[in-house]
$ cat run-v1.pdb   # PDB, C-alpha atoms
ATOM      1  CA  MET Y 134      76.071-108.742 327.489
ATOM      2  CA  SER Y 135      76.850-105.498 325.737
ATOM      3  CA  THR Y 136      79.648-106.934 323.622
ATOM      4  CA  ALA Y 137      79.303-108.466 320.185
ATOM      5  CA  THR Y 138      80.326-111.897 321.448
ATOM      6  CA  ALA Y 139      77.869-114.525 322.626
ATOM      7  CA  SER Y 140      79.654-115.655 325.790
ATOM      8  CA  TYR Y 141      82.338-114.716 328.283
ATOM      9  CA  ARG Y 142      84.429-117.649 327.100
ATOM     10  CA  ASP Y 143      84.222-116.275 323.541
ATOM     11  CA  LEU Y 144      84.798-112.721 324.736
ATOM     12  CA  THR Y 145      88.033-113.535 326.570
ATOM     13  CA  GLN Y 146      89.292-115.594 323.620
ATOM     14  CA  THR Y 147      88.513-112.741 321.210
ATOM     15  CA  VAL Y 148      90.229-110.118 323.360
ATOM     16  CA  THR Y 149      93.249-112.373 323.854
ATOM     17  CA  ALA Y 150      93.550-112.826 320.080
ATOM     18  CA  ARG Y 151      93.214-109.082 319.492
ATOM     19  CA  LEU Y 152      95.934-108.350 322.028
ATOM     20  CA  ALA Y 153      98.347-110.441 319.964
ATOM     21  CA  THR Y 154      99.142-107.392 317.835
ATOM     22  CA  LEU Y 155     100.135-105.438 320.942
ATOM     23  CA  ARG Y 156     102.216-108.374 322.167
ATOM     24  CA  ALA Y 157     104.015-108.322 318.810
ATOM     25  CA  SER Y 158     104.466-104.544 318.554
ATOM     26  CA  THR Y 159     105.123-103.743 322.230
ATOM     27  CA  PRO Y 160     106.416-106.943 323.824
ATOM     28  CA  GLU Y 161     108.148-105.186 326.729
ATOM     29  CA  VAL Y 162     104.963-103.328 327.679
ATOM     30  CA  MET Y 163     102.805-106.435 327.471
ATOM     31  CA  MET Y 164     105.355-108.507 329.393
ATOM     32  CA  GLY Y 165     105.490-105.780 332.031
ATOM     33  CA  PHE Y 166     101.693-105.741 332.316
ATOM     34  CA  THR Y 167     101.612-109.530 332.648
ATOM     35  CA  GLU Y 168     104.275-109.453 335.368
ATOM     36  CA  LEU Y 169     102.439-106.635 337.172
ATOM     37  CA  GLY Y 170      99.310-108.784 337.211
ATOM     38  CA  ARG Y 171     101.204-111.805 338.544
ATOM     39  CA  ALA Y 172     102.847-109.775 341.283
ATOM     40  CA  ALA Y 173      99.651-107.951 342.236
ATOM     41  CA  THR Y 174      97.602-111.149 342.571
ATOM     42  CA  ALA Y 175     100.229-113.347 344.228
ATOM     43  CA  ASP Y 176      99.490-114.634 347.712
ATOM     44  CA  GLY Y 177     100.673-112.268 350.427
ATOM     45  CA  ALA Y 178      98.895-110.718 353.399
ATOM     46  CA  LEU Y 179      95.821-111.131 351.178
ATOM     47  CA  ASP Y 180      95.376-114.435 349.383
ATOM     48  CA  ARG Y 181      95.017-114.673 345.618
ATOM     49  CA  LYS Y 182      91.259-115.274 345.772
ATOM     50  CA  THR Y 183      90.707-112.104 347.790
ATOM     51  CA  LYS Y 184      92.838-110.115 345.374
ATOM     52  CA  GLU Y 185      90.950-111.498 342.368
ATOM     53  CA  LEU Y 186      87.629-110.651 344.070
ATOM     54  CA  ILE Y 187      88.904-107.075 344.452
ATOM     55  CA  ALA Y 188      89.899-107.041 340.778
ATOM     56  CA  LEU Y 189      86.456-108.360 339.828
ATOM     57  CA  ALA Y 190      84.771-105.682 341.957
ATOM     58  CA  LEU Y 191      86.804-103.013 340.172
ATOM     59  CA  SER Y 192      85.887-104.591 336.830
ATOM     60  CA  VAL Y 193      82.192-104.277 337.702
ATOM     61  CA  ALA Y 194      82.631-100.704 338.959
ATOM     62  CA  SER Y 195      84.490 -99.680 335.795
ATOM     63  CA  ARG Y 196      81.962-101.520 333.586
ATOM     64  CA  CYS Y 197      84.604-103.568 331.786
ATOM     65  CA  GLU Y 198      82.991-106.714 330.344
ATOM     66  CA  PRO Y 199      86.289-108.277 329.189
ATOM     67  CA  CYS Y 200      87.778-107.616 332.637
ATOM     68  CA  ILE Y 201      84.785-109.348 334.226
ATOM     69  CA  GLY Y 202      85.418-112.344 331.981
ATOM     70  CA  PHE Y 203      89.152-112.569 332.681
ATOM     71  CA  HIS Y 204      88.872-112.137 336.448
ATOM     72  CA  MET Y 205      85.904-114.491 336.716
ATOM     73  CA  ARG Y 206      87.830-117.094 334.751
ATOM     74  CA  ALA Y 207      90.729-116.752 337.199
ATOM     75  CA  LEU Y 208      88.386-116.958 340.192
ATOM     76  CA  VAL Y 209      86.596-120.041 338.909
ATOM     77  CA  SER Y 210      89.963-121.725 338.360
ATOM     78  CA  ILE Y 211      90.891-121.160 342.014
ATOM     79  CA  GLY Y 212      87.564-122.324 343.381
ATOM     80  CA  VAL Y 213      85.470-119.229 344.068
ATOM     81  CA  THR Y 214      81.969-119.995 345.285
ATOM     82  CA  ARG Y 215      78.750-118.383 344.129
ATOM     83  CA  GLN Y 216      78.253-117.066 347.679
ATOM     84  CA  GLU Y 217      81.656-115.332 347.632
ATOM     85  CA  VAL Y 218      80.835-113.717 344.291
ATOM     86  CA  ASP Y 219      77.359-112.699 345.490
ATOM     87  CA  GLU Y 220      78.734-111.072 348.648
ATOM     88  CA  MET Y 221      81.402-109.203 346.681
ATOM     89  CA  LEU Y 222      78.685-107.994 344.297
ATOM     90  CA  GLY Y 223      76.663-106.772 347.272
ATOM     91  CA  VAL Y 224      79.539-104.535 348.333
ATOM     92  CA  THR Y 225      80.138-103.425 344.738
ATOM     93  CA  THR Y 226      76.468-102.492 344.346
ATOM     94  CA  TYR Y 227      76.493-100.693 347.704
ATOM     95  CA  MET Y 228      79.441 -98.587 346.575
ATOM     96  CA  GLY Y 229      78.516 -98.192 342.902
ATOM     97  CA  GLY Y 230      74.722 -98.000 342.902
ATOM     98  CA  GLY Y 231      72.510 -98.839 339.958
ATOM     99  CA  PRO Y 232      75.191 -99.023 337.251
ATOM    100  CA  SER Y 233      77.164-101.536 339.320
ATOM    101  CA  LEU Y 234      73.966-103.506 339.916
ATOM    102  CA  MET Y 235      73.471-103.839 336.146
ATOM    103  CA  TYR Y 236      77.014-105.179 335.740
ATOM    104  CA  ALA Y 237      76.509-107.427 338.774
ATOM    105  CA  ALA Y 238      73.872-109.236 336.708
ATOM    106  CA  SER Y 239      76.455-109.734 333.936
ATOM    107  CA  THR Y 240      78.945-110.963 336.497
ATOM    108  CA  ILE Y 241      76.531-113.653 337.670
ATOM    109  CA  ALA Y 242      76.078-114.721 334.047
ATOM    110  CA  ALA Y 243      79.876-114.965 333.734
ATOM    111  CA  PHE Y 244      80.071-117.102 336.889
ATOM    112  CA  ASP Y 245      77.289-119.390 335.685
ATOM    113  CA  GLU Y 246      78.881-119.829 332.267
ATOM    114  CA  LEU Y 247      82.493-120.210 333.364
ATOM    115  CA  SER Y 248      81.632-122.548 336.243
ATOM    116  CA  ARG Y 249      80.248-125.086 333.764
ATOM    117  CA  GLU Y 250      82.565-127.389 331.921
ATOM    118  CA  PRO Y 251      83.343-126.112 328.405
ATOM    119  CA  ALA Y 252      81.401-127.721 325.607
ATOM    120  CA  ALA Y 253      83.257-130.648 324.045
TER     121      ALA Y 253
END
$ encode --input "run-v1.pdb" --output "structure tokens"
Amino acid sequence: MSTATASYRDLTQTVTARLATLRASTPEVMMGFTELGRAATADGALDRKTKELIALALSVASRCEPCIGFHMRALVSIGVTRQEVDEMLGVTTYMGGGPSLMYAASTIAAFDELSREPAA
């Protein structure tokens, strides 16, 4: 992982805490972003899991480690399987080449970590 944090769980918690200043200084913007995310990932012609897999693919393609963590966390919570993630990563690697392949490895690490129960 290229970030200073030791895990995706830690990474998403750190980013969430850092975004608190933006929530305080620009609440309308942050509320709008949150609502955009809810609307964009709501079930429709595509189900939420498919939409989150698309978001995760874009996270890999844009090389955004925090995005990988947040979207993987959402996917794990709605029951994504390792096979679904692996197949999505195949398409992402096909379209993005070597750089996407490197982030695909990070994405598998995120799945493995976030699929386990958190430490007590």
$ resolve_selection --input "run-v1.pdb" --expression "the PyMOL selection byres ((chain Y and resi 240) around 12)" --output "VMD selection string"
chain Y and resid 134 140 to 141 186 189 to 194 196 to 206 208 215 218 to 219 221 to 223 225 to 226 233 to 239 241 to 248
$ closest_residue --input "run-v1.pdb" --among "Y:Arg142, Y:Ser195, Y:Pro232, Y:Lys182" --to "Y:Thr214" --atoms "only C-alpha atoms"
Y:Lys182
$ atom_distance --input "run-v1.pdb" --atom1 "atom CA of Y:Glu217" --atom2 "atom CA of Y:Leu169"
24.8 Å
$ atom_distance --input "run-v1.pdb" --atom1 "atom CA of Y:Ala188" --atom2 "atom CA of Y:Ala175"
12.6 Å
$ axis_aligned_box --input "run-v1.pdb" --around "stretch 167-184 of chain Y" --padding-each-side "3 Å" --output "JSON"
{"center_x": 97.5, "center_y": -111.0, "center_z": 343.0, "size_x": 19.6, "size_y": 14.6, "size_z": 26.8}
$ atom_distance --input "run-v1.pdb" --atom1 "atom CA of Y:Thr183" --atom2 "atom CA of Y:Val213"
9.6 Å
$ build_atoms --input "run-v1.pdb" --residues "stretch 211-236 of chain Y" --atoms "N, CA and C atoms" --output "mmCIF file, in the coordinates of the input"
data_model
loop_
_atom_site.group_PDB
_atom_site.id
_atom_site.type_symbol
_atom_site.label_atom_id
_atom_site.label_comp_id
_atom_site.auth_asym_id
_atom_site.auth_seq_id
_atom_site.Cartn_x
_atom_site.Cartn_y
_atom_site.Cartn_z
ATOM 1 N N ILE Y 211 90.367 -120.985 340.655
ATOM 2 C CA ILE Y 211 90.891 -121.160 342.014
ATOM 3 C C ILE Y 211 89.792 -121.480 343.023
ATOM 4 N N GLY Y 212 88.601 -121.784 342.517
ATOM 5 C CA GLY Y 212 87.564 -122.324 343.381
ATOM 6 C C GLY Y 212 86.654 -121.332 344.073
ATOM 7 N N VAL Y 213 86.412 -120.175 343.468
ATOM 8 C CA VAL Y 213 85.470 -119.229 344.068
ATOM 9 C C VAL Y 213 84.077 -119.853 344.138
ATOM 10 N N THR Y 214 83.342 -119.507 345.167
ATOM 11 C CA THR Y 214 81.969 -119.995 345.285
ATOM 12 C C THR Y 214 80.994 -118.913 344.840
ATOM 13 N N ARG Y 215 79.791 -119.343 344.508
ATOM 14 C CA ARG Y 215 78.750 -118.383 344.129
ATOM 15 C C ARG Y 215 78.479 -117.423 345.291
ATOM 16 N N GLN Y 216 78.510 -117.919 346.520
ATOM 17 C CA GLN Y 216 78.253 -117.066 347.679
ATOM 18 C C GLN Y 216 79.327 -115.979 347.810
ATOM 19 N N GLU Y 217 80.585 -116.335 347.570
ATOM 20 C CA GLU Y 217 81.656 -115.332 347.632
ATOM 21 C C GLU Y 217 81.453 -114.256 346.567
ATOM 22 N N VAL Y 218 81.095 -114.675 345.364
ATOM 23 C CA VAL Y 218 80.835 -113.717 344.291
ATOM 24 C C VAL Y 218 79.638 -112.840 344.656
ATOM 25 N N ASP Y 219 78.560 -113.460 345.141
ATOM 26 C CA ASP Y 219 77.359 -112.699 345.490
ATOM 27 C C ASP Y 219 77.651 -111.653 346.567
ATOM 28 N N GLU Y 220 78.424 -112.030 347.581
ATOM 29 C CA GLU Y 220 78.734 -111.072 348.648
ATOM 30 C C GLU Y 220 79.612 -109.936 348.140
ATOM 31 N N MET Y 221 80.583 -110.245 347.279
ATOM 32 C CA MET Y 221 81.402 -109.203 346.681
ATOM 33 C C MET Y 221 80.531 -108.266 345.858
ATOM 34 N N LEU Y 222 79.568 -108.824 345.111
ATOM 35 C CA LEU Y 222 78.685 -107.994 344.297
ATOM 36 C C LEU Y 222 77.777 -107.122 345.163
ATOM 37 N N GLY Y 223 77.429 -107.598 346.348
ATOM 38 C CA GLY Y 223 76.663 -106.772 347.272
ATOM 39 C C GLY Y 223 77.424 -105.522 347.665
ATOM 40 N N VAL Y 224 78.710 -105.682 347.964
ATOM 41 C CA VAL Y 224 79.539 -104.535 348.333
ATOM 42 C C VAL Y 224 79.722 -103.619 347.122
ATOM 43 N N THR Y 225 79.949 -104.213 345.957
ATOM 44 C CA THR Y 225 80.138 -103.425 344.738
ATOM 45 C C THR Y 225 78.889 -102.613 344.426
ATOM 46 N N THR Y 226 77.722 -103.205 344.586
ATOM 47 C CA THR Y 226 76.468 -102.492 344.346
ATOM 48 C C THR Y 226 76.271 -101.396 345.386
ATOM 49 N N TYR Y 227 76.581 -101.693 346.636
ATOM 50 C CA TYR Y 227 76.493 -100.693 347.704
ATOM 51 C C TYR Y 227 77.330 -99.457 347.353
ATOM 52 N N MET Y 228 78.533 -99.694 346.870
ATOM 53 C CA MET Y 228 79.441 -98.587 346.575
ATOM 54 C C MET Y 228 79.179 -97.938 345.216
ATOM 55 N N GLY Y 229 78.652 -98.710 344.256
ATOM 56 C CA GLY Y 229 78.516 -98.192 342.902
ATOM 57 C C GLY Y 229 77.101 -97.923 342.436
ATOM 58 N N GLY Y 230 76.106 -98.290 343.244
ATOM 59 C CA GLY Y 230 74.722 -98.000 342.902
ATOM 60 C C GLY Y 230 74.194 -98.780 341.709
ATOM 61 N N GLY Y 231 73.218 -98.193 341.062
ATOM 62 C CA GLY Y 231 72.510 -98.839 339.958
ATOM 63 C C GLY Y 231 73.388 -99.333 338.825
ATOM 64 N N PRO Y 232 74.345 -98.516 338.329
ATOM 65 C CA PRO Y 232 75.191 -99.023 337.251
ATOM 66 C C PRO Y 232 75.965 -100.283 337.650
ATOM 67 N N SER Y 233 76.463 -100.327 338.873
ATOM 68 C CA SER Y 233 77.164 -101.536 339.320
ATOM 69 C C SER Y 233 76.210 -102.712 339.435
ATOM 70 N N LEU Y 234 74.962 -102.440 339.834
ATOM 71 C CA LEU Y 234 73.966 -103.506 339.916
ATOM 72 C C LEU Y 234 73.726 -104.129 338.541
ATOM 73 N N MET Y 235 73.686 -103.310 337.495
ATOM 74 C CA MET Y 235 73.471 -103.839 336.146
ATOM 75 C C MET Y 235 74.626 -104.738 335.734
ATOM 76 N N TYR Y 236 75.858 -104.349 336.068
ATOM 77 C CA TYR Y 236 77.014 -105.179 335.740
ATOM 78 C C TYR Y 236 77.141 -106.366 336.685
#
